[in-house]
Each structure stands twice: as structure tokens, then as C-alpha cells.
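Structure, as C-alpha cells:
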Amino acid sequence: NLPNRVTLVDVGPRDGLQNEKENVGTADKARLVSLLQDAGLKEIEVTSFVSPKWVPQMADNTAVMAAIERRPGVRHSVLVPNMKGLEAALPTKPDEVVVFAAASEAFSQKNINCSIAESIERFAPVVAAAHEAGLKVRGALSCAVGCPYQGEVSPDEVERVVRLMKAIGVDHLGVADTIGVGTPRQVRAAMERALKHYPLVEVSGHFHDTYGQALTNIYACLEMGVHTFDASVAGLGGCPYAKGATGNVATEDVVFMLNGLGIETSIDLDKLVDAGAFISGVLGRQPVARVGRAILAK
Ligand code: HMG
Ligand code: MG
């Protein structure tokens with residue numbers, strides 16, 4: 001009894017490009033968003049309104065939001081770490097904002113320079129102001145199974161932050177395996193804690209594929225009824241504050257698996273592969289996506 005339909009959020013333009021050494025031009029970022037829309041993606045994480053000193057690759061956030069093509073039915077989201085980020089984001093008219101906390105103290109410090117408690121205090125007015133502006137707020141929970149600084153992260157640590165996110169009104173909880181170390185039993189345990197506080201429709205998985213476990217973890221979540229996942233075209237991605245972590249699971253690979261399972265996504269795999277080939281070309285390399293490479297080699 002797997003879900004009939006899955007929603008994929010392509011986080012490539014944000015999670016993917018934030019981690020690139022070479023700066024990708026604004027026009028190429030906008031072109032990537034268009035190609036993802038051509039492929040049928042209905043949810044795209046476009047950029048982040050974070051400090052340009054911390055993540056220079058996202059410094060053109062306002063320009064990117066102005067350059068993207070807005071198509072009816074497509075939701076464009078942006079990351080915001082604080083009020084300053086939200087204030088910069090609102091005039092660019094995102095459809096959704098994403099706040100991001102961590103289940104581990106050490107990662108919270110390295111990524112956003114504050115404790116978990118401080119981050120929640122910072123997000124509370126952001127959530128309220130976003131709601132005031134009519135926007136949905138997703139919450140990303142980093143290091144939900146493992147942390148590059150702390151090591152293993154327990155389900156209790158996950159649930160503690162899930163409760164805090166819920167208490168400040170975060171609408172949706174994304175369980176993130178930032179460094180891609182999770183295996184199905186651990187991922188299931190983290191998901192279960194999220195599902196104690198959020199309904200199935202408001203929980204998603206965000207799995208980096210560092211250890212090659214992401215598809216397996218998605219399958220384990222499908223078995224639980226979870227039907228929303230982040231993925232990154234061409235397998236782009238990583239977090240600048242999680243050294244050695246590779247990209248998110250490739251959207252192409254997820255779509256191929258879901259097609260095989262007869263699960264509807266409305267995504268055209270061939271067009272998605274083209275989008276992956278485009279951005280990989282800009283970056284001067286082959287797509288990390290196994291399916292993308294296989295289809296391109298045919
Ligand atoms: P801080 O240095 O503690 O902040 O950074 P501050 O409030 O002291 O401000 C320092 C300077 O930054 C000031 O400028 C602020 O104005 C400016 P100055 O006076 O020095 O010229 N500033 C900003 N500028 C633009 N936009 C803003 C902003 N805020 C402050 N929003 C801060 C704290 C949170 C800002 C910083 O740590 C930061 O930007 N971190 C972002 C890190 C990041 O983007 N990480 C990657 C995204 S998360 C991720 O990838 C994980 C995810 O994919 C899930 C998963 O896989 O786990 C979501
Ligand atoms: Mg990520």
C-alpha cells in the first residue's frame with residue numbers, strides 16, 4: 001500500500017547551487033528553473049536569503065527571483081534564516097518560505113551561528129510574519145539521523161526540535177539527512193517522531209545521497225505513507241557547513257523508481273534529464289544522477 005502519487009520538490013537551484021565552487025550566473029539559474037518547470041516540477045526551491053558572507057553563491061537571490069518565469073500552478077520557495085532574510089524575500093514574492101533548524105546543537109552553531117533554542121526564537125517572528133503575508137512555512141530539520149560534528153542523532157533529539165517547530169507554527173516538517181548517513185531503520189524512526197506531531201501530508205523527506213542510501217530511505221518512507229520528497233536535479237547539492245556531504249538524491253533517480261512503482265508524479269523524465277544535462281554542462285561535468293547518465297548514454 002504505497003501512495004498513488006508523490007510530490008517532488010526540486011531543491012537543486014538552492015541546495016545544489018549553494019555548494020558549488022564556481023558561481024553560476026543568474027540567467028543560468030533562471031533557465032534551470034524554467035527547464036524544471038518544462039519537466040513538470042510543481043515545487044521548486046529557488047534560492048536562499050541568507051548572509052552573502054556565509055553563502056556567496058546565493059547572493060543574487062533577489063535577481064534570481066526576478067528572473068524566473070512564474071508559471072501558474074508552480075510554487076517557488078526560498079530559505080530564510082531570520083527576519084532580515086524574510087524582509088528581503090517578501091518583495092520577491094515567493095510562494096513559500098523555509099526556515100531551517102537542526103536536531104544537533106553542533107550543527108546549529110556551525111550552520112546558522114546560534115543554538116537550537118536561539119534559532120527557534122529567531123524563527124518565531126519569521127513564521128508569524130510569513131503567515132501574515134499569506135505564505136506557508138516549511139521547516140527543514142537538519143541532521144535528523146546524523147551530524148558531521150556530533151555523530152549519531154537520536155529520535156528523541158529529533159522529536160524535541162519537531163515539537164519546537166510545531167509550537168511556533170511551522171506548517172510542514174522536512175526530515176533531513178544532511179550528510180546522507182541514514183539507513184532505513186533510523187530514517188523511519190526519525191519520520192515516526194515527525195509524524196507524531198504533523199499529518200502525513202505535511203511531512204517530507206530530504207535525503208542527501210553521500211552513502212548511496214537515499215533511494216532506499218525514500219522507499220522506506222513510502223511504505224509509511226510519506227508522499228513528499230525533496231530531490232535535486234542531476235544530484236546537485238550539499239551543505240557548505242557539512243563537509244564531505246554530497247548532493248541530494250537526484251530527482252531523475254527518484255522519478256525513475258517512482259515510474260517503476262507505478263506512482264504518479266506528473267514529471268516527464270526525458271525533460272528532467274535535459275534539465276540535469278543543462279546544469280551539469282554549466283558546471284562542466286557529468287550529472288551525478290545515475291538515471292540521467294544512463295539515459296544520456298543511450
Ligand atoms: P551571523 O553572523 O550570526 O548573523 O549569521 P548576524 O545577525 O550577526 O549578522 C552578520 C551579518 O550578516 C550582518 O552584516 C547582517 O546584516 C548580515 P554586516 O553588518 O556584517 O555587514 N545578515 C544577513 N544578510 C543577508 N541576509 C540575511 C542576513 N542575516 C544577517 N538573512 C546567519 C547568522 C543565519 C545570517 C548566517 O549564519 C547564515 O546566513 N547562515 C546560512 C547558512 C546556510 O545558508 N546554510 C545552507 C542552507 S541550510 C541547508 O543546506 C540544509 C538543508 O538543505 C536541509 C539539510 O540538508 O539538512 C535545508
Ligand atoms: Mg540539504
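Just remember, in the C-alpha cells the first chain shown is A, the second B, etc., residues are 1-based per chain, and ligands are 1-based in the order shown.
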
Residues within 10 Å of Asn217 in chain A, please, as a PyMOL selection string. Count only C-alpha atoms; anything in the same chain fewer than 4 positions from it doesn't count. chain A and resi 177+180+182-188+205-207+209+212-213+221-223

Okay, now the selection with N, CA and C atoms, as a PDB file, in the first residue's frame?
ATOM      1  N   ASP A 177      18.323  14.326   6.130  1.00  0.00           N
ATOM      2  CA  ASP A 177      19.574  13.624   6.406  1.00  0.00           C
ATOM      3  C   ASP A 177      20.664  14.392   5.656  1.00  0.00           C
ATOM      4  N   GLY A 180      23.653  12.321   4.617  1.00  0.00           N
ATOM      5  CA  GLY A 180      23.382  11.085   3.876  1.00  0.00           C
ATOM      6  C   GLY A 180      23.921   9.822   4.513  1.00  0.00           C
ATOM      7  N   GLY A 182      22.013   8.055   6.839  1.00  0.00           N
ATOM      8  CA  GLY A 182      20.901   7.278   7.388  1.00  0.00           C
ATOM      9  C   GLY A 182      20.646   6.003   6.618  1.00  0.00           C
ATOM     10  N   THR A 183      20.169   5.001   7.328  1.00  0.00           N
ATOM     11  CA  THR A 183      19.683   3.774   6.707  1.00  0.00           C
ATOM     12  C   THR A 183      18.210   3.639   7.132  1.00  0.00           C
ATOM     13  N   PRO A 184      17.454   2.750   6.447  1.00  0.00           N
ATOM     14  CA  PRO A 184      16.001   2.798   6.627  1.00  0.00           C
ATOM     15  C   PRO A 184      15.494   2.748   8.070  1.00  0.00           C
ATOM     16  N   ARG A 185      16.073   1.957   8.923  1.00  0.00           N
ATOM     17  CA  ARG A 185      15.508   1.871  10.272  1.00  0.00           C
ATOM     18  C   ARG A 185      15.622   3.205  11.014  1.00  0.00           C
ATOM     19  N   GLN A 186      16.782   3.853  10.861  1.00  0.00           N
ATOM     20  CA  GLN A 186      16.980   5.151  11.529  1.00  0.00           C
ATOM     21  C   GLN A 186      16.078   6.223  10.936  1.00  0.00           C
ATOM     22  N   VAL A 187      15.983   6.210   9.601  1.00  0.00           N
ATOM     23  CA  VAL A 187      15.160   7.231   8.933  1.00  0.00           C
ATOM     24  C   VAL A 187      13.706   7.048   9.327  1.00  0.00           C
ATOM     25  N   ARG A 188      13.277   5.788   9.401  1.00  0.00           N
ATOM     26  CA  ARG A 188      11.893   5.503   9.799  1.00  0.00           C
ATOM     27  C   ARG A 188      11.645   6.017  11.221  1.00  0.00           C
ATOM     28  N   GLY A 205      10.610  14.083   3.200  1.00  0.00           N
ATOM     29  CA  GLY A 205      11.979  13.591   3.398  1.00  0.00           C
ATOM     30  C   GLY A 205      12.942  14.363   2.509  1.00  0.00           C
ATOM     31  N   HIS A 206      14.126  14.620   3.047  1.00  0.00           N
ATOM     32  CA  HIS A 206      15.164  15.364   2.309  1.00  0.00           C
ATOM     33  C   HIS A 206      16.460  14.584   2.539  1.00  0.00           C
ATOM     34  N   PHE A 207      16.802  13.757   1.573  1.00  0.00           N
ATOM     35  CA  PHE A 207      17.903  12.831   1.814  1.00  0.00           C
ATOM     36  C   PHE A 207      19.087  13.097   0.892  1.00  0.00           C
ATOM     37  N   ASP A 209      22.674  11.958  -0.587  1.00  0.00           N
ATOM     38  CA  ASP A 209      22.967  10.588  -1.035  1.00  0.00           C
ATOM     39  C   ASP A 209      24.427  10.195  -0.830  1.00  0.00           C
ATOM     40  N   GLY A 212      24.886   6.660  -0.573  1.00  0.00           N
ATOM     41  CA  GLY A 212      24.109   5.861  -1.533  1.00  0.00           C
ATOM     42  C   GLY A 212      22.842   5.243  -0.953  1.00  0.00           C
ATOM     43  N   GLN A 213      22.338   5.798   0.133  1.00  0.00           N
ATOM     44  CA  GLN A 213      21.178   5.192   0.812  1.00  0.00           C
ATOM     45  C   GLN A 213      19.866   5.934   0.533  1.00  0.00           C
ATOM     46  N   CYS A 221      10.213   5.336   3.493  1.00  0.00           N
ATOM     47  CA  CYS A 221       9.226   6.371   3.847  1.00  0.00           C
ATOM     48  C   CYS A 221       7.927   6.176   3.068  1.00  0.00           C
ATOM     49  N   LEU A 222       8.035   5.751   1.806  1.00  0.00           N
ATOM     50  CA  LEU A 222       6.823   5.476   1.008  1.00  0.00           C
ATOM     51  C   LEU A 222       5.983   4.418   1.709  1.00  0.00           C
ATOM     52  N   GLU A 223       6.665   3.420   2.257  1.00  0.00           N
ATOM     53  CA  GLU A 223       5.944   2.350   2.968  1.00  0.00           C
ATOM     54  C   GLU A 223       5.198   2.878   4.188  1.00  0.00           C
TER      55      GLU A 223
END

Which residues of chain A come within 6 Å of ligand 1, and what is each one's closest atom pair and distance in Å (one decimal), counting only C-alpha atoms and all ligand atoms, sorted by chain and residue number, as a tab-separated table?
residue	atom	partner	partner_atom_place_in_ligand_line	distance
A:Asp15	CA	ligand 1	53 (O)	5.4
A:Phe49	CA	ligand 1	31 (N)	5.0
A:Val50	CA	ligand 1	39 (O)	3.9
A:Ser51	CA	ligand 1	24 (N)	3.7
A:Pro52	CA	ligand 1	25 (C)	5.9
A:Trp54	CA	ligand 1	39 (O)	5.2
A:Val55	CA	ligand 1	44 (O)	5.7
A:Pro81	CA	ligand 1	34 (C)	5.0
A:Asn82	CA	ligand 1	31 (N)	5.6
A:Lys84	CA	ligand 1	31 (N)	4.7
A:Gly85	CA	ligand 1	31 (N)	3.3
A:Phe100	CA	ligand 1	58 (C)	5.7
A:Asn111	CA	ligand 1	42 (C)	4.9
A:Ile112	CA	ligand 1	37 (O)	3.4
A:Asn113	CA	ligand 1	3 (O)	4.8
A:Ala140	CA	ligand 1	58 (C)	5.4
A:Ser142	CA	ligand 1	57 (O)	3.5
A:Cys143	CA	ligand 1	57 (O)	5.7
A:Ala176	CA	ligand 1	57 (O)	4.7
A:Asp177	CA	ligand 1	57 (O)	5.8
A:Thr178	CA	ligand 1	56 (O)	3.7
A:Cys239	CA	ligand 1	50 (O)	4.5

Computed interatomic separation between CA of Arg70 in chain A and CA of Ile267 in chain A (Å):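 Taking CA of Arg70 in chain A as the start and CA of Ile267 in chain A as the end point, the length is 17.7 Å.
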
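Using only C-alpha atoms for every distance, the candidate list A:His131, A:Arg193, A:His76, A:Lys243 yields A:Arg193 as the residue closest to Glu157 in chain A.
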
So, with only C-alpha atoms as the atoms that count, which of A:Lys29, A:Arg71, A:Lys298, A:Arg5 lies closest to Phe278 in chain A? A:Lys29

If you run DSSP on the backbone here, which positions in range 27-234 of chain A get alpha helix (DSSP H)? Please write them as JSON, numbers by chain. {"A": [27, 28, 29, 30, 31, 32, 33, 34, 35, 36, 37, 38, 61, 62, 63, 64, 65, 66, 67, 83, 84, 85, 86, 87, 88, 89, 105, 106, 107, 108, 109, 110, 111, 112, 116, 117, 118, 119, 120, 121, 122, 123, 124, 125, 126, 127, 128, 129, 130, 131, 132, 155, 156, 157, 158, 159, 160, 161, 162, 163, 164, 165, 166, 167, 184, 185, 186, 187, 188, 189, 190, 191, 192, 193, 194, 195, 214, 215, 216, 217, 218, 219, 220, 221, 222, 223]}

Using C-alpha atoms, can you write the selected residues to a file as a PDB file, in the first residue's frame?
ATOM      1  CA  ALA A  27      20.486  33.751 -16.057  1.00  0.00           C
ATOM      2  CA  ASP A  28      21.577  30.106 -15.887  1.00  0.00           C
ATOM      3  CA  LYS A  29      19.820  29.700 -12.543  1.00  0.00           C
ATOM      4  CA  ALA A  30      16.625  31.109 -14.019  1.00  0.00           C
ATOM      5  CA  ARG A  31      16.999  28.857 -17.064  1.00  0.00           C
ATOM      6  CA  LEU A  32      17.320  25.843 -14.772  1.00  0.00           C
ATOM      7  CA  VAL A  33      14.057  26.801 -13.051  1.00  0.00           C
ATOM      8  CA  SER A  34      12.346  27.069 -16.464  1.00  0.00           C
ATOM      9  CA  LEU A  35      13.638  23.669 -17.547  1.00  0.00           C
ATOM     10  CA  LEU A  36      12.417  22.102 -14.306  1.00  0.00           C
ATOM     11  CA  GLN A  37       9.002  23.637 -14.961  1.00  0.00           C
ATOM     12  CA  ASP A  38       9.104  22.248 -18.521  1.00  0.00           C
ATOM     13  CA  ASN A  61      18.735  35.854  -4.577  1.00  0.00           C
ATOM     14  CA  THR A  62      16.638  38.908  -5.450  1.00  0.00           C
ATOM     15  CA  ALA A  63      17.868  38.922  -9.055  1.00  0.00           C
ATOM     16  CA  VAL A  64      17.116  35.213  -9.424  1.00  0.00           C
ATOM     17  CA  MET A  65      13.593  35.633  -8.083  1.00  0.00           C
ATOM     18  CA  ALA A  66      13.046  38.489 -10.548  1.00  0.00           C
ATOM     19  CA  ALA A  67      14.450  36.449 -13.442  1.00  0.00           C
ATOM     20  CA  MET A  83      13.762  38.384   9.889  1.00  0.00           C
ATOM     21  CA  LYS A  84      16.349  40.102   7.747  1.00  0.00           C
ATOM     22  CA  GLY A  85      16.090  37.244   5.260  1.00  0.00           C
ATOM     23  CA  LEU A  86      12.298  37.303   5.303  1.00  0.00           C
ATOM     24  CA  GLU A  87      12.211  41.066   4.785  1.00  0.00           C
ATOM     25  CA  ALA A  88      14.468  40.710   1.762  1.00  0.00           C
ATOM     26  CA  ALA A  89      12.469  37.740   0.460  1.00  0.00           C
ATOM     27  CA  GLU A 105      23.430  21.644  18.684  1.00  0.00           C
ATOM     28  CA  ALA A 106      26.808  21.498  16.993  1.00  0.00           C
ATOM     29  CA  PHE A 107      25.339  21.721  13.513  1.00  0.00           C
ATOM     30  CA  SER A 108      23.044  24.565  14.512  1.00  0.00           C
ATOM     31  CA  GLN A 109      26.100  26.533  15.649  1.00  0.00           C
ATOM     32  CA  LYS A 110      28.120  25.831  12.523  1.00  0.00           C
ATOM     33  CA  ASN A 111      25.301  26.426  10.053  1.00  0.00           C
ATOM     34  CA  ILE A 112      23.427  29.380  11.498  1.00  0.00           C
ATOM     35  CA  ILE A 116      18.755  25.366  18.626  1.00  0.00           C
ATOM     36  CA  ALA A 117      16.793  27.365  21.214  1.00  0.00           C
ATOM     37  CA  GLU A 118      18.035  30.663  19.781  1.00  0.00           C
ATOM     38  CA  SER A 119      17.160  29.542  16.267  1.00  0.00           C
ATOM     39  CA  ILE A 120      13.594  28.769  17.319  1.00  0.00           C
ATOM     40  CA  GLU A 121      13.333  32.173  18.995  1.00  0.00           C
ATOM     41  CA  ARG A 122      14.560  33.739  15.761  1.00  0.00           C
ATOM     42  CA  PHE A 123      12.143  31.752  13.603  1.00  0.00           C
ATOM     43  CA  ALA A 124       9.035  32.510  15.666  1.00  0.00           C
ATOM     44  CA  PRO A 125       8.580  36.076  14.325  1.00  0.00           C
ATOM     45  CA  VAL A 126       9.589  34.894  10.846  1.00  0.00           C
ATOM     46  CA  VAL A 127       6.802  32.303  10.860  1.00  0.00           C
ATOM     47  CA  ALA A 128       4.293  34.844  12.185  1.00  0.00           C
ATOM     48  CA  ALA A 129       5.246  37.457   9.578  1.00  0.00           C
ATOM     49  CA  ALA A 130       5.219  34.909   6.757  1.00  0.00           C
ATOM     50  CA  HIS A 131       1.734  33.779   7.794  1.00  0.00           C
ATOM     51  CA  GLU A 132       0.667  37.409   7.977  1.00  0.00           C
ATOM     52  CA  PRO A 155      14.944  10.111  17.660  1.00  0.00           C
ATOM     53  CA  ASP A 156      14.434  11.916  20.996  1.00  0.00           C
ATOM     54  CA  GLU A 157      16.659  14.765  19.824  1.00  0.00           C
ATOM     55  CA  VAL A 158      14.659  14.896  16.594  1.00  0.00           C
ATOM     56  CA  GLU A 159      11.309  14.958  18.354  1.00  0.00           C
ATOM     57  CA  ARG A 160      12.459  17.722  20.674  1.00  0.00           C
ATOM     58  CA  VAL A 161      13.009  20.068  17.742  1.00  0.00           C
ATOM     59  CA  VAL A 162       9.907  18.839  15.883  1.00  0.00           C
ATOM     60  CA  ARG A 163       7.860  19.939  18.909  1.00  0.00           C
ATOM     61  CA  LEU A 164       9.587  23.340  18.951  1.00  0.00           C
ATOM     62  CA  MET A 165       8.918  23.875  15.234  1.00  0.00           C
ATOM     63  CA  LYS A 166       5.298  22.883  15.728  1.00  0.00           C
ATOM     64  CA  ALA A 167       4.964  25.233  18.715  1.00  0.00           C
ATOM     65  CA  PRO A 184      16.001   2.798   6.627  1.00  0.00           C
ATOM     66  CA  ARG A 185      15.508   1.871  10.272  1.00  0.00           C
ATOM     67  CA  GLN A 186      16.980   5.151  11.529  1.00  0.00           C
ATOM     68  CA  VAL A 187      15.160   7.231   8.933  1.00  0.00           C
ATOM     69  CA  ARG A 188      11.893   5.503   9.799  1.00  0.00           C
ATOM     70  CA  ALA A 189      12.452   6.246  13.494  1.00  0.00           C
ATOM     71  CA  ALA A 190      13.051   9.951  12.769  1.00  0.00           C
ATOM     72  CA  MET A 191       9.995  10.082  10.491  1.00  0.00           C
ATOM     73  CA  GLU A 192       7.839   8.456  13.136  1.00  0.00           C
ATOM     74  CA  ARG A 193       8.705  11.274  15.528  1.00  0.00           C
ATOM     75  CA  ALA A 194       7.791  13.896  12.931  1.00  0.00           C
ATOM     76  CA  LEU A 195       4.515  12.070  12.264  1.00  0.00           C
ATOM     77  CA  ALA A 214      18.759   7.892  -0.274  1.00  0.00           C
ATOM     78  CA  LEU A 215      16.535   5.870  -2.635  1.00  0.00           C
ATOM     79  CA  THR A 216      16.253   3.081  -0.099  1.00  0.00           C
ATOM     80  CA  ASN A 217      15.325   5.604   2.559  1.00  0.00           C
ATOM     81  CA  ILE A 218      12.682   7.113   0.279  1.00  0.00           C
ATOM     82  CA  TYR A 219      11.239   3.651  -0.283  1.00  0.00           C
ATOM     83  CA  ALA A 220      11.105   3.073   3.469  1.00  0.00           C
ATOM     84  CA  CYS A 221       9.226   6.371   3.847  1.00  0.00           C
ATOM     85  CA  LEU A 222       6.823   5.476   1.008  1.00  0.00           C
ATOM     86  CA  GLU A 223       5.944   2.350   2.968  1.00  0.00           C
TER      87      GLU A 223
END

Between A:Leu236, A:Ala59, A:Val24, A:Leu269, which one has atoms that come closest to ligand 2, using only C-alpha atoms and all ligand atoms?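 Looking only at the distances to ligand 2, the closest residue turns out to be A:Leu236.
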
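In this comparison, which uses only C-alpha atoms, the residue of A:Val282, A:Ala234, A:Val181, A:Leu17 approaching Val153 in chain A most closely is A:Val181.
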
Using only C-alpha atoms, pick whichever of A:Lys53, A:Lys42, A:Lys271, A:Arg290 has the shortest atom-to-atom distance to Asp95 in chain A. A:Lys42

Which value, in Å to one decimal, gives the distance between CA of Gln150 in chain A and CA of His197 in chain A? 25.0 Å

Counting only C-alpha atoms and all ligand atoms, the residue among A:Pro56, A:Gly238, A:Gly73, A:Pro199 that lies closest to ligand 2 is A:Gly238

Report as a ChimeraX atom specification all protein, DNA and RNA residues lying within 7 Å of Ala250 in chain A, evaluated on only C-alpha atoms, omitting residues in the same chain fewer than 4 positions from it. /A:231-235,254,289

Please run DSSP on the backbone and report, as a PyMOL selection string, all residues within range 72-202 of chain A that come out as strand (DSSP E). chain A and resi 75-79+96-102+136-142+146-147+151-152+172-177
